[in-house]
Amino acid sequence: MNKIVAALSLLALVGCAVTQEGPPTAFRLTSPGMPDNSMMQPKNAGNFAKNPNCTGQNVSPPLAWSNAPDKTRSFAIIWDDQAGRAGLGVSHAVIYGIPANVTSFAEGELGGAPTGGRFVPGKNMLGMHWLGPCSPKGNAPQHYVLTLIATTLEPGELAAGLTKPELLKALEGGKALRAASLALRFAQ
């Protein structure tokens, strides 16, 4: 019995260490129920008829963040697959103009049209704001990195439809305060 209690205690400590890396006041991006480096589900895969690897329902994972830096006026999210296109990378999401009082998105919310002024849609490599993973069948799990950027820009300051390079250019000159990231994996 003592061995079982000791083993469970050790597992609990390991679980705490994984979810509490860094100081508790760190700017942090999480996906509730999905620790960093978790495997996404088939429903999270993109849905794009012209790509046979996009076999899912394009359901975005839930996201939450905390401890934004002072002076944050809005947030931006970019989502990349660095191994996509044989290592040339694929931009899967470009979203910005997220008001500073928004601290989470529900599952599926980012894959749909913006509602209630919660975000401004940009354009990924296919011209849409969000596309779930589309890893080739038979590949090892690929890492999809979500980056949340705290900015000094007002939520409506940038026009809709910016690409990742355009967004990053608009954030130069001290408008990006800090970033937090989360890696999720996908394979089919």
# chains A, B, ... in the order shown; residues from 1 in each chain; ligands from 1

call {"tool": "residues_around", "arguments": {"residues": "segment 124-131 of chain A", "least_positions_apart": "4", "cutoff": "6 Å", "atoms": "only C-alpha atoms", "output": "ChimeraX atom specification"}}
result
/A:46,91-94,111

call {"tool": "write_last_selection", "arguments": {"atoms": "C-alpha atoms", "output": "tab-separated table (two decimals), in the first residue's frame"}}
result
chain	number	residue	atom	x	y	z
A	46	GLY	CA	-8.41	21.16	-41.24
A	91	SER	CA	0.91	29.44	-41.70
A	92	HIS	CA	-2.33	27.94	-40.37
A	93	ALA	CA	-3.84	30.91	-38.52
A	94	VAL	CA	-3.55	34.67	-38.40
A	111	GLY	CA	-12.41	28.15	-36.60

call {"tool": "select_by_dssp", "arguments": {"residues": "chain A", "states": "helix (DSSP H, G or I)", "output": "ChimeraX atom specification"}}
result
/A:2-19,42-44,84-87,164-170

call {"tool": "residues_around", "arguments": {"residues": "Val90 of chain A", "least_positions_apart": "3", "cutoff": "6 Å", "atoms": "only C-alpha atoms", "output": "ChimeraX atom specification"}}
result
/A:80-81,84

call {"tool": "residues_around", "arguments": {"residues": "Gln41 of chain A", "least_positions_apart": "2", "cutoff": "10 Å", "atoms": "only C-alpha atoms", "output": "JSON, numbers by chain"}}
result
{"A": [38, 39, 43, 44, 45, 56, 59, 61, 133, 185, 186, 187, 188]}

call {"tool": "atom_distance", "arguments": {"atom1": "atom CA of Pro99 of chain A", "atom2": "atom CA of Tyr144 of chain A"}}
result
24.0 Å
